[in-house]
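Raw contents of start-v6.cif, mmCIF, C-alpha atoms:
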data_structure
loop_
_atom_site.label_atom_id
_atom_site.label_comp_id
_atom_site.auth_asym_id
_atom_site.auth_seq_id
_atom_site.Cartn_x
_atom_site.Cartn_y
_atom_site.Cartn_z
CA MET A 42 0.00 0.00 0.00
CA LYS A 43 1.59 3.27 -1.19
CA LEU A 44 1.73 6.73 0.33
CA LEU A 45 0.27 5.80 3.71
CA PRO A 46 0.64 8.48 6.38
CA SER A 47 3.09 7.77 9.17
CA GLY A 48 1.86 5.40 11.85
CA ILE A 49 -0.54 3.42 9.67
CA GLU A 50 0.29 -0.24 9.12
CA SER A 51 -0.91 -2.37 6.21
CA LYS A 52 -1.77 -5.89 7.40
CA PHE A 53 -3.38 -9.15 6.30
CA VAL A 54 -5.30 -11.76 8.30
CA GLN A 55 -6.80 -15.11 7.37
CA VAL A 56 -10.54 -15.14 8.02
CA LYS A 57 -12.27 -18.43 7.35
CA ASP A 58 -10.94 -19.19 3.86
CA LEU A 59 -10.17 -15.62 2.77
CA ASN A 60 -7.12 -13.42 3.13
CA LEU A 61 -8.40 -10.00 4.24
CA HIS A 62 -6.41 -6.78 4.12
CA TYR A 63 -6.75 -3.91 6.58
CA LEU A 64 -5.04 -0.74 7.79
CA GLU A 65 -4.41 -0.18 11.47
CA ALA A 66 -3.18 2.65 13.68
CA GLY A 67 -3.26 3.63 17.35
CA GLU A 68 -4.31 1.96 20.58
CA GLY A 69 -7.39 1.93 22.78
CA GLU A 70 -11.04 1.27 22.07
CA VAL A 71 -11.62 -0.02 18.56
CA LEU A 72 -13.07 2.12 15.79
CA LEU A 73 -13.82 0.04 12.69
CA LEU A 74 -14.11 1.91 9.36
CA LEU A 75 -16.07 0.35 6.49
CA HIS A 76 -15.82 1.64 2.92
CA GLY A 77 -18.21 1.24 -0.01
CA TRP A 78 -18.15 0.84 -3.80
CA PRO A 79 -15.64 0.93 -5.53
CA THR A 80 -13.27 1.96 -2.77
CA SER A 81 -11.30 0.31 0.03
CA SER A 82 -9.52 1.05 3.30
CA TRP A 83 -7.43 3.54 1.27
CA LEU A 84 -10.42 5.91 1.49
CA TYR A 85 -9.75 6.45 5.20
CA ARG A 86 -5.97 6.91 5.11
CA ASP A 87 -6.06 10.67 5.78
CA LEU A 88 -8.55 10.35 8.66
CA MET A 89 -6.69 7.64 10.52
CA PRO A 90 -3.75 9.63 11.98
CA LYS A 91 -6.03 11.99 13.91
CA LEU A 92 -8.60 9.34 14.82
CA SER A 93 -5.87 7.09 16.19
CA GLU A 94 -4.82 9.66 18.79
CA ASN A 95 -7.36 8.11 21.19
CA ASN A 96 -8.45 4.88 19.51
CA ARG A 97 -7.27 1.73 17.84
CA VAL A 98 -8.48 2.52 14.31
CA ILE A 99 -8.96 -0.27 11.80
CA ALA A 100 -10.04 0.20 8.17
CA LEU A 101 -11.00 -3.10 6.55
CA ASP A 102 -10.96 -4.01 2.86
CA LEU A 103 -14.27 -5.87 2.59
CA PRO A 104 -14.10 -9.21 0.73
CA GLY A 105 -13.97 -8.49 -2.99
CA PHE A 106 -12.46 -5.02 -2.55
CA GLY A 107 -9.01 -3.48 -2.25
CA LEU A 108 -6.29 -6.00 -1.48
CA SER A 109 -8.63 -8.56 0.10
CA ASP A 110 -9.33 -11.81 -1.74
CA LYS A 111 -11.79 -11.72 -4.63
CA ARG A 112 -13.54 -15.00 -5.41
CA ILE A 113 -16.20 -14.96 -8.10
CA GLU A 114 -17.87 -18.08 -6.67
CA ASP A 115 -18.66 -16.35 -3.34
CA SER A 116 -22.18 -15.08 -2.68
CA PHE A 117 -21.46 -11.47 -1.58
CA SER A 118 -24.79 -11.44 0.23
CA PHE A 119 -25.44 -9.48 3.41
CA ASN A 120 -24.93 -12.61 5.51
CA TYR A 121 -21.69 -13.37 3.66
CA TYR A 122 -20.26 -9.98 4.60
CA LEU A 123 -21.47 -10.21 8.19
CA ARG A 124 -19.90 -13.65 8.63
CA HIS A 125 -16.56 -12.28 7.49
CA ILE A 126 -16.82 -9.18 9.68
CA ASP A 127 -17.49 -11.45 12.67
CA GLY A 128 -14.59 -13.68 11.64
CA PHE A 129 -12.33 -10.66 11.21
CA LEU A 130 -13.14 -9.33 14.69
CA GLU A 131 -12.65 -12.79 16.17
CA ALA A 132 -9.27 -13.18 14.46
CA LEU A 133 -8.15 -9.88 15.99
CA SER A 134 -9.68 -10.76 19.41
CA ILE A 135 -12.01 -7.76 19.28
CA ASP A 136 -15.35 -7.83 21.09
CA LYS A 137 -16.84 -4.31 21.18
CA ILE A 138 -16.42 -1.68 18.48
CA SER A 139 -17.45 1.76 17.41
CA LEU A 140 -18.34 1.77 13.74
CA THR A 141 -18.06 4.22 10.84
CA VAL A 142 -19.73 3.41 7.54
CA HIS A 143 -19.88 4.90 4.04
CA ASP A 144 -21.71 4.08 0.79
CA LEU A 145 -22.24 0.30 0.36
CA GLY A 146 -20.44 -0.23 3.67
CA GLY A 147 -23.40 1.58 5.26
CA PRO A 148 -26.06 -1.11 4.93
CA ILE A 149 -23.49 -3.85 5.57
CA GLY A 150 -22.26 -2.17 8.75
CA MET A 151 -25.70 -1.09 9.92
CA LEU A 152 -27.12 -4.58 9.52
CA TRP A 153 -24.23 -5.83 11.65
CA ALA A 154 -24.99 -3.07 14.17
CA VAL A 155 -28.70 -3.80 14.57
CA ARG A 156 -27.94 -7.52 14.93
CA ASN A 157 -25.09 -6.97 17.40
CA GLN A 158 -26.29 -4.07 19.53
CA GLU A 159 -24.56 -5.40 22.64
CA ARG A 160 -21.19 -5.18 20.82
CA LEU A 161 -21.71 -1.70 19.38
CA GLN A 162 -20.48 1.39 21.23
CA LYS A 163 -20.91 4.33 18.83
CA LEU A 164 -22.00 4.73 15.23
CA VAL A 165 -20.95 7.25 12.56
CA LEU A 166 -22.76 7.50 9.24
CA LEU A 167 -21.11 9.22 6.29
CA ASN A 168 -22.83 9.53 2.88
CA THR A 169 -24.56 6.16 2.71
CA LEU A 170 -27.58 4.06 1.85
CA VAL A 171 -29.82 3.04 4.74
CA PHE A 172 -33.42 2.35 3.72
CA PRO A 173 -35.03 0.02 1.15
CA GLU A 174 -36.44 2.95 -0.83
CA MET A 175 -33.82 3.72 -3.49
CA SER A 176 -33.28 6.94 -5.44
CA TRP A 177 -33.48 6.99 -9.24
CA MET A 178 -29.70 7.36 -9.36
CA VAL A 179 -29.13 4.17 -7.35
CA LYS A 180 -31.59 2.30 -9.56
CA LEU A 181 -29.83 3.60 -12.69
CA PHE A 182 -26.47 2.51 -11.30
CA GLY A 183 -27.85 -0.94 -10.50
CA LEU A 184 -29.05 -1.22 -14.10
CA ALA A 185 -25.61 -0.22 -15.40
CA THR A 186 -23.99 -3.11 -13.48
CA VAL A 187 -25.90 -5.67 -15.58
CA MET A 188 -25.62 -4.01 -18.99
CA PRO A 189 -23.03 -5.76 -21.22
CA LEU A 190 -19.96 -3.67 -22.07
CA VAL A 191 -21.15 -0.83 -19.83
CA ASN A 192 -20.68 -2.94 -16.72
CA THR A 193 -17.22 -4.16 -17.78
CA TRP A 194 -16.09 -0.58 -18.33
CA LEU A 195 -17.71 0.61 -15.09
CA ALA A 196 -15.79 -1.91 -12.97
CA GLY A 197 -12.44 -1.27 -14.69
CA PRO A 198 -9.83 1.42 -14.08
CA ALA A 199 -11.47 3.95 -16.43
CA GLY A 200 -14.91 3.43 -14.90
CA ILE A 201 -13.56 3.66 -11.37
CA ARG A 202 -11.83 6.93 -12.25
CA PHE A 203 -15.11 8.24 -13.71
CA SER A 204 -17.12 7.18 -10.62
CA MET A 205 -14.67 8.74 -8.19
CA ARG A 206 -14.50 12.03 -10.11
CA PHE A 207 -18.29 12.08 -10.51
CA GLY A 208 -18.55 11.67 -6.75
CA VAL A 209 -16.52 14.72 -5.69
CA GLN A 210 -16.70 18.47 -6.09
CA GLN A 211 -12.95 19.09 -5.78
CA LYS A 212 -11.76 16.92 -8.66
CA GLU A 213 -8.21 18.26 -8.45
CA LYS A 214 -7.73 16.22 -5.26
CA LEU A 215 -8.14 12.97 -7.18
CA THR A 216 -4.69 12.89 -8.71
CA PRO A 217 -3.47 9.79 -10.59
CA GLU A 218 -1.45 8.96 -7.49
CA VAL A 219 -4.59 9.00 -5.31
CA LEU A 220 -6.70 7.05 -7.81
CA LYS A 221 -4.19 4.30 -8.52
CA PRO A 222 -4.80 2.23 -5.33
CA TYR A 223 -8.53 2.22 -6.14
CA GLN A 224 -7.94 1.12 -9.74
CA GLU A 225 -5.13 -1.42 -9.42
CA PRO A 226 -7.17 -4.22 -7.78
CA PHE A 227 -9.57 -4.31 -10.76
CA VAL A 228 -7.36 -4.63 -13.83
CA ASP A 229 -8.18 -8.35 -14.16
CA ARG A 230 -11.51 -9.21 -15.80
CA LYS A 231 -12.40 -11.76 -13.09
CA ASP A 232 -11.88 -9.18 -10.36
CA ARG A 233 -14.13 -6.74 -12.22
CA LYS A 234 -16.89 -9.34 -12.20
CA VAL A 235 -16.49 -9.64 -8.43
CA LEU A 236 -16.83 -5.87 -8.05
CA LEU A 237 -20.09 -5.94 -10.01
CA LYS A 238 -21.39 -8.96 -8.11
CA ALA A 239 -20.87 -7.09 -4.83
CA ILE A 240 -23.53 -4.61 -5.95
CA GLN A 241 -25.90 -7.09 -7.55
CA ARG A 242 -26.25 -9.35 -4.48
CA MET A 243 -27.48 -6.69 -2.04
CA SER A 244 -30.91 -8.08 -1.16
CA PRO A 245 -33.81 -5.73 -0.30
CA LYS A 246 -34.46 -7.97 2.73
CA GLY A 247 -31.30 -6.63 4.38
CA PHE A 248 -32.41 -3.01 3.95
CA LYS A 249 -35.87 -3.87 5.29
CA GLU A 250 -34.34 -5.46 8.39
CA ILE A 251 -32.25 -2.34 9.00
CA ALA A 252 -35.31 -0.10 8.74
CA GLN A 253 -37.28 -2.38 11.04
CA LYS A 254 -34.63 -2.65 13.77
CA LEU A 255 -33.08 0.83 13.55
CA PRO A 256 -35.42 2.35 16.19
CA GLU A 257 -33.99 -0.11 18.72
CA LEU A 258 -30.55 1.54 18.67
CA LYS A 259 -29.93 3.59 21.81
CA HIS A 260 -26.24 4.22 21.10
CA PRO A 261 -24.61 7.59 20.39
CA VAL A 262 -24.87 8.32 16.65
CA ARG A 263 -23.11 10.93 14.50
CA LEU A 264 -24.37 11.82 11.01
CA ILE A 265 -22.03 13.69 8.64
CA TYR A 266 -22.64 14.13 4.93
CA GLY A 267 -21.46 16.09 1.92
CA GLU A 268 -24.32 18.18 0.57
CA ASN A 269 -23.43 17.88 -3.13
CA ASP A 270 -23.73 14.12 -3.49
CA ARG A 271 -24.55 13.22 -7.11
CA ILE A 272 -24.24 9.48 -6.43
CA LEU A 273 -26.77 9.53 -3.57
CA PRO A 274 -28.82 12.65 -4.39
CA ASP A 275 -31.30 11.91 -1.59
CA VAL A 276 -28.63 11.69 1.13
CA ALA A 277 -30.00 14.74 3.00
CA GLN A 278 -33.43 13.10 3.24
CA THR A 279 -31.83 9.81 4.31
CA MET A 280 -29.88 11.46 7.10
CA ALA A 281 -32.91 13.48 8.23
CA ARG A 282 -34.94 10.28 8.40
CA VAL A 283 -32.26 8.58 10.51
CA LYS A 284 -32.20 11.65 12.78
CA GLU A 285 -35.97 11.43 13.21
CA ILE A 286 -35.81 7.73 14.07
CA LEU A 287 -32.78 8.17 16.36
CA PRO A 288 -33.30 11.52 18.15
CA GLN A 289 -30.09 11.04 20.14
CA SER A 290 -28.08 11.43 16.93
CA GLU A 291 -26.16 14.59 16.03
CA MET A 292 -26.25 15.65 12.38
CA SER A 293 -24.21 18.08 10.29
CA SER A 294 -23.65 18.63 6.58
CA ILE A 295 -20.66 19.91 4.63
CA PRO A 296 -21.27 22.35 1.76
CA ASN A 297 -19.35 22.18 -1.54
CA CYS A 298 -18.56 18.54 -0.86
CA GLY A 299 -19.67 15.40 -2.66
CA HIS A 300 -20.11 11.69 -2.03
CA PHE A 301 -16.47 10.75 -1.35
CA LEU A 302 -16.08 13.32 1.39
CA GLN A 303 -13.06 11.51 2.84
CA GLU A 304 -11.12 12.58 -0.27
CA GLU A 305 -12.28 16.20 -0.06
CA VAL A 306 -12.48 17.23 3.60
CA ALA A 307 -10.61 14.51 5.52
CA GLU A 308 -9.32 16.87 8.23
CA GLU A 309 -12.74 18.35 8.92
CA ILE A 310 -14.40 14.93 9.18
CA ALA A 311 -11.61 13.59 11.39
CA ASP A 312 -12.00 16.57 13.75
CA GLU A 313 -15.74 16.01 14.07
CA MET A 314 -15.36 12.26 14.55
CA LEU A 315 -12.62 12.70 17.15
CA LYS A 316 -14.86 15.04 19.20
CA PHE A 317 -17.64 12.47 18.97
CA MET A 318 -15.38 9.60 20.01
CA LYS A 319 -14.02 11.56 22.97
CA ALA A 320 -17.46 12.67 24.21
#
What is this structure when it is put down as structure tokens?
Amino acid sequence: MKLLPSGIESKFVQVKDLNLHYLEAGEGEVLLLLHGWPTSSWLYRDLMPKLSENNRVIALDLPGFGLSDKRIEDSFSFNYYLRHIDGFLEALSIDKISLTVHDLGGPIGMLWAVRNQERLQKLVLLNTLVFPEMSWMVKLFGLATVMPLVNTWLAGPAGIRFSMRFGVQQKEKLTPEVLKPYQEPFVDRKDRKVLLKAIQRMSPKGFKEIAQKLPELKHPVRLIYGENDRILPDVAQTMARVKEILPQSEMSSIPNCGHFLQEEVAEEIADEMLKFMKA
């Protein structure tokens, strides 16, 4: 892993029959960071130094993403991801965690949270999906993942570059050097198919379970989102709905910032998350 800030270690661990990659920094209570599509733990590299001042911060490459194993025969269902998150925590001897989620990592992490409330300490939501009702943009994206030729391009280096640039306001921050770790894992055609399958296997049942069980959460919750999200154009409504269901949550938005806010305003997000973790 290139260009990692000082103090962050790149590690691998065997979980069940997969080799999973993760970044780790700091000591203390565990803060687990989950990425979405088409990113990886690399997304959190600039947040981790500050967050690790008071916590053991771990950013996981979900199966099928980043440097973790990619097996086309795997299911990539909600339960598949949750089994590997449980196995990952067990392999690292971790019981309780605080959790930060983004994009596709949102429903995966939130389903884990509502099923494991006794193990959850705090929850941070960045621009993410939560509920079974999908925006037109998400539906259009889902359609693109099954269209021949379009889907192959979308999951390759050129498509990943397009998606990342489409998802930010400050495009100058996505230099070739920054984009390369996102693109490199998906040069091979088989790995591109895995990336597409990760989207296609997200069952509506998982989203419905999240919506049903979300009111049960009594944990501290922090909601932070970029206002100019073209990938999830209904993110403001999503966050407001979460805030209504979980009145204990604190919500703030960031103007002139898009979907991949970790690439645009890493320092600002890290400051807000650190305050939340210390509280």
Hey, could you make a per-residue contact list for stretch 94-207 of chain A against stretch 76-85 of chain A with 6 Å as the cut-off, showing the nearest pair of atoms and its distance in Å to one decimal, counting only C-alpha atoms, sorted by chain and number, as a Markdown table?
| residue | atom | partner | partner_atom | distance |
| --- | --- | --- | --- | --- |
| A:Ala100 | CA | A:Ser82 | CA | 5.0 |
| A:Leu101 | CA | A:Ser82 | CA | 5.5 |
| A:Asp102 | CA | A:Ser81 | CA | 5.2 |
| A:Gly107 | CA | A:Ser81 | CA | 5.0 |
| A:His143 | CA | A:His76 | CA | 5.3 |
| A:Asp144 | CA | A:Gly77 | CA | 4.6 |
| A:Leu145 | CA | A:Gly77 | CA | 4.2 |
| A:Gly146 | CA | A:Gly77 | CA | 4.5 |
Once the PyMOL selection byres ((chain A and resi 60) around 6) is applied to the coordinates I shared, what remains selected? I want it as JSON, numbers by chain. {"A": [54, 55, 59, 61, 109, 110]}
Could you turn the residues from that selection into a file that holds C-alpha atoms, as an mmCIF file, keeping the file's coordinate frame?
data_model
loop_
_atom_site.group_PDB
_atom_site.id
_atom_site.type_symbol
_atom_site.label_atom_id
_atom_site.label_comp_id
_atom_site.auth_asym_id
_atom_site.auth_seq_id
_atom_site.Cartn_x
_atom_site.Cartn_y
_atom_site.Cartn_z
ATOM 1 C CA VAL A 54 -5.300 -11.760 8.300
ATOM 2 C CA GLN A 55 -6.800 -15.110 7.370
ATOM 3 C CA LEU A 59 -10.170 -15.620 2.770
ATOM 4 C CA LEU A 61 -8.400 -10.000 4.240
ATOM 5 C CA SER A 109 -8.630 -8.560 0.100
ATOM 6 C CA ASP A 110 -9.330 -11.810 -1.740
#
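Reported to one decimal place, the separation of atom CA of A:Val71 from atom CA of A:Leu264 is 19.0 Å.
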Using the chain letters and numbers from the file, which residues does the PyMOL selection byres ((chain A and resi 111-124) around 6) grab, as a list in words?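 Going through the file, the PyMOL selection byres ((chain A and resi 111-124) around 6) ends up selecting Gly105, Asp110, His125, Ile126, Asp127, Val235, Ala239, Arg242 and Met243 of chain A.
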Could you please take those selected residues and save C-alpha atoms as a CSV table (one decimal), in the coordinates of the input?
chain,number,residue,atom,x,y,z
A,105,GLY,CA,-14.0,-8.5,-3.0
A,110,ASP,CA,-9.3,-11.8,-1.7
A,125,HIS,CA,-16.6,-12.3,7.5
A,126,ILE,CA,-16.8,-9.2,9.7
A,127,ASP,CA,-17.5,-11.4,12.7
A,235,VAL,CA,-16.5,-9.6,-8.4
A,239,ALA,CA,-20.9,-7.1,-4.8
A,242,ARG,CA,-26.2,-9.4,-4.5
A,243,MET,CA,-27.5,-6.7,-2.0
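For the residues A:Gly247, A:Gly267, A:Pro198, A:Pro90, ranking by smallest atom-to-atom distance to A:Phe301 using all atoms listed in the file places A:Gly267 first.
Atom pair atom CA of A:Lys163 / atom CA of A:Glu305: separated by 23.9 Å.
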Which polymer residues, protein or nucleic acid, are no farther than 12 Å from (-13.7, 18.8, -5.4), counting only C-alpha atoms, as a list in words? Met205, Arg206, Phe207, Gly208, Val209, Gln210, Gln211, Lys212, Glu213, Lys214, Leu215, Thr216, Gly267, Asn269, Asp270, Pro296, Asn297, Cys298, Gly299, His300, Phe301, Leu302, Gln303, Glu304, Glu305 and Val306 of chain A
Go through A:Arg156, A:Lys91, A:Arg230, A:Lys221 one by one, measure the shortest atom-to-atom distance of each to A:Leu315 using all atoms listed in the file, and give the residue with the smallest value.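 Among A:Arg156, A:Lys91, A:Arg230, A:Lys221, it is A:Lys91 that comes nearest to A:Leu315.
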Report as a PyMOL selection string all protein, DNA and RNA residues lying within 10 Å of A:Ser293, evaluated on all atoms listed in the file, omitting residues in the same chain fewer than 5 positions from it. chain A and resi 263-268+277+280+313
Spell out the residues picked by the PyMOL selection byres ((chain A and resi 261) around 7) here, as a ChimeraX atom specification. /A:163-164,259-260,262-263,289-290
Please determine, counting all atoms listed in the file, which residue among A:Asp229, A:Glu65, A:Asp136, A:Glu257 has the shortest atom-to-atom distance to A:Leu88.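 When distances to A:Leu88 are compared using all atoms listed in the file, the smallest one comes from A:Glu65.
Here the residues that fall within 9 Å of (-29.6, 9.1, 7.9), using only C-alpha atoms, are given as A:Leu166, A:Leu167, A:Asn168, A:Thr169, A:Leu170, A:Val171, A:Phe172, A:Leu264, A:Ile265, A:Val276, A:Ala277, A:Gln278, A:Thr279, A:Met280, A:Ala281, A:Arg282, A:Val283, A:Lys284, A:Glu285, A:Ile286, A:Met292.
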Centre and size of axis-aligned box enclosing stretch 276-286 of chain A plus 4 Å each side, as lines of an AutoDock Vina configuration file:
center_x = -32.3
center_y = 11.2
center_z = 7.6
size_x = 15.3
size_y = 15.0
size_z = 20.9
Suppose you want the space between atom CA of A:Phe106 and atom CA of A:Val142; what is it in Å?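 Spanning atom CA of A:Phe106 to atom CA of A:Val142 is a straight-line distance of 15.0 Å.
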Any chance you could export stretch 229-259 of chain A with N, CA and C atoms, as a PDB file, in the first residue's frame?
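The resulting file, decode_16.pdb, is shown below:
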ATOM      1  N   ASP A 229      -7.810  -7.016 -13.669  1.00  0.00           N
ATOM      2  CA  ASP A 229      -8.175  -8.347 -14.159  1.00  0.00           C
ATOM      3  C   ASP A 229      -9.685  -8.448 -14.375  1.00  0.00           C
ATOM      4  N   ARG A 230     -10.089  -9.095 -15.450  1.00  0.00           N
ATOM      5  CA  ARG A 230     -11.514  -9.212 -15.799  1.00  0.00           C
ATOM      6  C   ARG A 230     -12.306  -9.952 -14.722  1.00  0.00           C
ATOM      7  N   LYS A 231     -11.722 -10.999 -14.147  1.00  0.00           N
ATOM      8  CA  LYS A 231     -12.398 -11.763 -13.093  1.00  0.00           C
ATOM      9  C   LYS A 231     -12.677 -10.875 -11.884  1.00  0.00           C
ATOM     10  N   ASP A 232     -11.702 -10.058 -11.513  1.00  0.00           N
ATOM     11  CA  ASP A 232     -11.880  -9.182 -10.356  1.00  0.00           C
ATOM     12  C   ASP A 232     -12.943  -8.124 -10.623  1.00  0.00           C
ATOM     13  N   ARG A 233     -13.069  -7.690 -11.874  1.00  0.00           N
ATOM     14  CA  ARG A 233     -14.130  -6.737 -12.217  1.00  0.00           C
ATOM     15  C   ARG A 233     -15.506  -7.371 -12.026  1.00  0.00           C
ATOM     16  N   LYS A 234     -15.619  -8.641 -12.386  1.00  0.00           N
ATOM     17  CA  LYS A 234     -16.892  -9.343 -12.202  1.00  0.00           C
ATOM     18  C   LYS A 234     -17.256  -9.426 -10.726  1.00  0.00           C
ATOM     19  N   VAL A 235     -16.249  -9.612  -9.877  1.00  0.00           N
ATOM     20  CA  VAL A 235     -16.490  -9.636  -8.429  1.00  0.00           C
ATOM     21  C   VAL A 235     -17.011  -8.286  -7.955  1.00  0.00           C
ATOM     22  N   LEU A 236     -16.413  -7.220  -8.443  1.00  0.00           N
ATOM     23  CA  LEU A 236     -16.833  -5.873  -8.046  1.00  0.00           C
ATOM     24  C   LEU A 236     -18.292  -5.633  -8.427  1.00  0.00           C
ATOM     25  N   LEU A 237     -18.702  -6.086  -9.582  1.00  0.00           N
ATOM     26  CA  LEU A 237     -20.092  -5.944 -10.011  1.00  0.00           C
ATOM     27  C   LEU A 237     -21.022  -6.811  -9.174  1.00  0.00           C
ATOM     28  N   LYS A 238     -20.573  -8.032  -8.883  1.00  0.00           N
ATOM     29  CA  LYS A 238     -21.393  -8.964  -8.106  1.00  0.00           C
ATOM     30  C   LYS A 238     -21.661  -8.417  -6.704  1.00  0.00           C
ATOM     31  N   ALA A 239     -20.707  -7.674  -6.169  1.00  0.00           N
ATOM     32  CA  ALA A 239     -20.866  -7.094  -4.830  1.00  0.00           C
ATOM     33  C   ALA A 239     -22.065  -6.153  -4.768  1.00  0.00           C
ATOM     34  N   ILE A 240     -22.361  -5.493  -5.885  1.00  0.00           N
ATOM     35  CA  ILE A 240     -23.535  -4.613  -5.954  1.00  0.00           C
ATOM     36  C   ILE A 240     -24.803  -5.421  -6.201  1.00  0.00           C
ATOM     37  N   GLN A 241     -24.719  -6.376  -7.082  1.00  0.00           N
ATOM     38  CA  GLN A 241     -25.904  -7.091  -7.551  1.00  0.00           C
ATOM     39  C   GLN A 241     -26.528  -7.990  -6.485  1.00  0.00           C
ATOM     40  N   ARG A 242     -25.757  -8.390  -5.484  1.00  0.00           N
ATOM     41  CA  ARG A 242     -26.245  -9.345  -4.483  1.00  0.00           C
ATOM     42  C   ARG A 242     -26.765  -8.683  -3.197  1.00  0.00           C
ATOM     43  N   MET A 243     -26.948  -7.372  -3.214  1.00  0.00           N
ATOM     44  CA  MET A 243     -27.481  -6.690  -2.039  1.00  0.00           C
ATOM     45  C   MET A 243     -29.003  -6.844  -2.002  1.00  0.00           C
ATOM     46  N   SER A 244     -29.492  -7.758  -1.201  1.00  0.00           N
ATOM     47  CA  SER A 244     -30.911  -8.081  -1.163  1.00  0.00           C
ATOM     48  C   SER A 244     -31.732  -7.000  -0.461  1.00  0.00           C
ATOM     49  N   PRO A 245     -32.919  -6.680  -0.991  1.00  0.00           N
ATOM     50  CA  PRO A 245     -33.808  -5.728  -0.304  1.00  0.00           C
ATOM     51  C   PRO A 245     -34.166  -6.163   1.114  1.00  0.00           C
ATOM     52  N   LYS A 246     -34.118  -7.478   1.385  1.00  0.00           N
ATOM     53  CA  LYS A 246     -34.458  -7.969   2.728  1.00  0.00           C
ATOM     54  C   LYS A 246     -33.527  -7.379   3.783  1.00  0.00           C
ATOM     55  N   GLY A 247     -32.247  -7.208   3.427  1.00  0.00           N
ATOM     56  CA  GLY A 247     -31.301  -6.631   4.377  1.00  0.00           C
ATOM     57  C   GLY A 247     -31.657  -5.201   4.732  1.00  0.00           C
ATOM     58  N   PHE A 248     -32.020  -4.403   3.718  1.00  0.00           N
ATOM     59  CA  PHE A 248     -32.415  -3.014   3.951  1.00  0.00           C
ATOM     60  C   PHE A 248     -33.689  -2.943   4.788  1.00  0.00           C
ATOM     61  N   LYS A 249     -34.622  -3.854   4.528  1.00  0.00           N
ATOM     62  CA  LYS A 249     -35.871  -3.865   5.294  1.00  0.00           C
ATOM     63  C   LYS A 249     -35.608  -4.205   6.758  1.00  0.00           C
ATOM     64  N   GLU A 250     -34.680  -5.114   7.005  1.00  0.00           N
ATOM     65  CA  GLU A 250     -34.344  -5.459   8.388  1.00  0.00           C
ATOM     66  C   GLU A 250     -33.706  -4.282   9.109  1.00  0.00           C
ATOM     67  N   ILE A 251     -32.851  -3.541   8.409  1.00  0.00           N
ATOM     68  CA  ILE A 251     -32.249  -2.344   8.998  1.00  0.00           C
ATOM     69  C   ILE A 251     -33.335  -1.352   9.399  1.00  0.00           C
ATOM     70  N   ALA A 252     -34.237  -1.062   8.470  1.00  0.00           N
ATOM     71  CA  ALA A 252     -35.305  -0.104   8.741  1.00  0.00           C
ATOM     72  C   ALA A 252     -36.185  -0.548   9.896  1.00  0.00           C
ATOM     73  N   GLN A 253     -36.431  -1.840   9.990  1.00  0.00           N
ATOM     74  CA  GLN A 253     -37.284  -2.375  11.042  1.00  0.00           C
ATOM     75  C   GLN A 253     -36.626  -2.276  12.420  1.00  0.00           C
ATOM     76  N   LYS A 254     -35.315  -2.567  12.480  1.00  0.00           N
ATOM     77  CA  LYS A 254     -34.631  -2.647  13.767  1.00  0.00           C
ATOM     78  C   LYS A 254     -33.932  -1.355  14.178  1.00  0.00           C
ATOM     79  N   LEU A 255     -33.805  -0.406  13.250  1.00  0.00           N
ATOM     80  CA  LEU A 255     -33.075   0.830  13.546  1.00  0.00           C
ATOM     81  C   LEU A 255     -33.608   1.555  14.781  1.00  0.00           C
ATOM     82  N   PRO A 256     -34.929   1.639  15.000  1.00  0.00           N
ATOM     83  CA  PRO A 256     -35.420   2.352  16.186  1.00  0.00           C
ATOM     84  C   PRO A 256     -34.953   1.759  17.517  1.00  0.00           C
ATOM     85  N   GLU A 257     -34.452   0.531  17.494  1.00  0.00           N
ATOM     86  CA  GLU A 257     -33.991  -0.112  18.724  1.00  0.00           C
ATOM     87  C   GLU A 257     -32.648   0.432  19.197  1.00  0.00           C
ATOM     88  N   LEU A 258     -31.885   1.069  18.305  1.00  0.00           N
ATOM     89  CA  LEU A 258     -30.548   1.544  18.674  1.00  0.00           C
ATOM     90  C   LEU A 258     -30.643   2.695  19.671  1.00  0.00           C
ATOM     91  N   LYS A 259     -29.967   2.544  20.787  1.00  0.00           N
ATOM     92  CA  LYS A 259     -29.928   3.594  21.810  1.00  0.00           C
ATOM     93  C   LYS A 259     -28.522   4.178  21.956  1.00  0.00           C
TER      94      LYS A 259
END
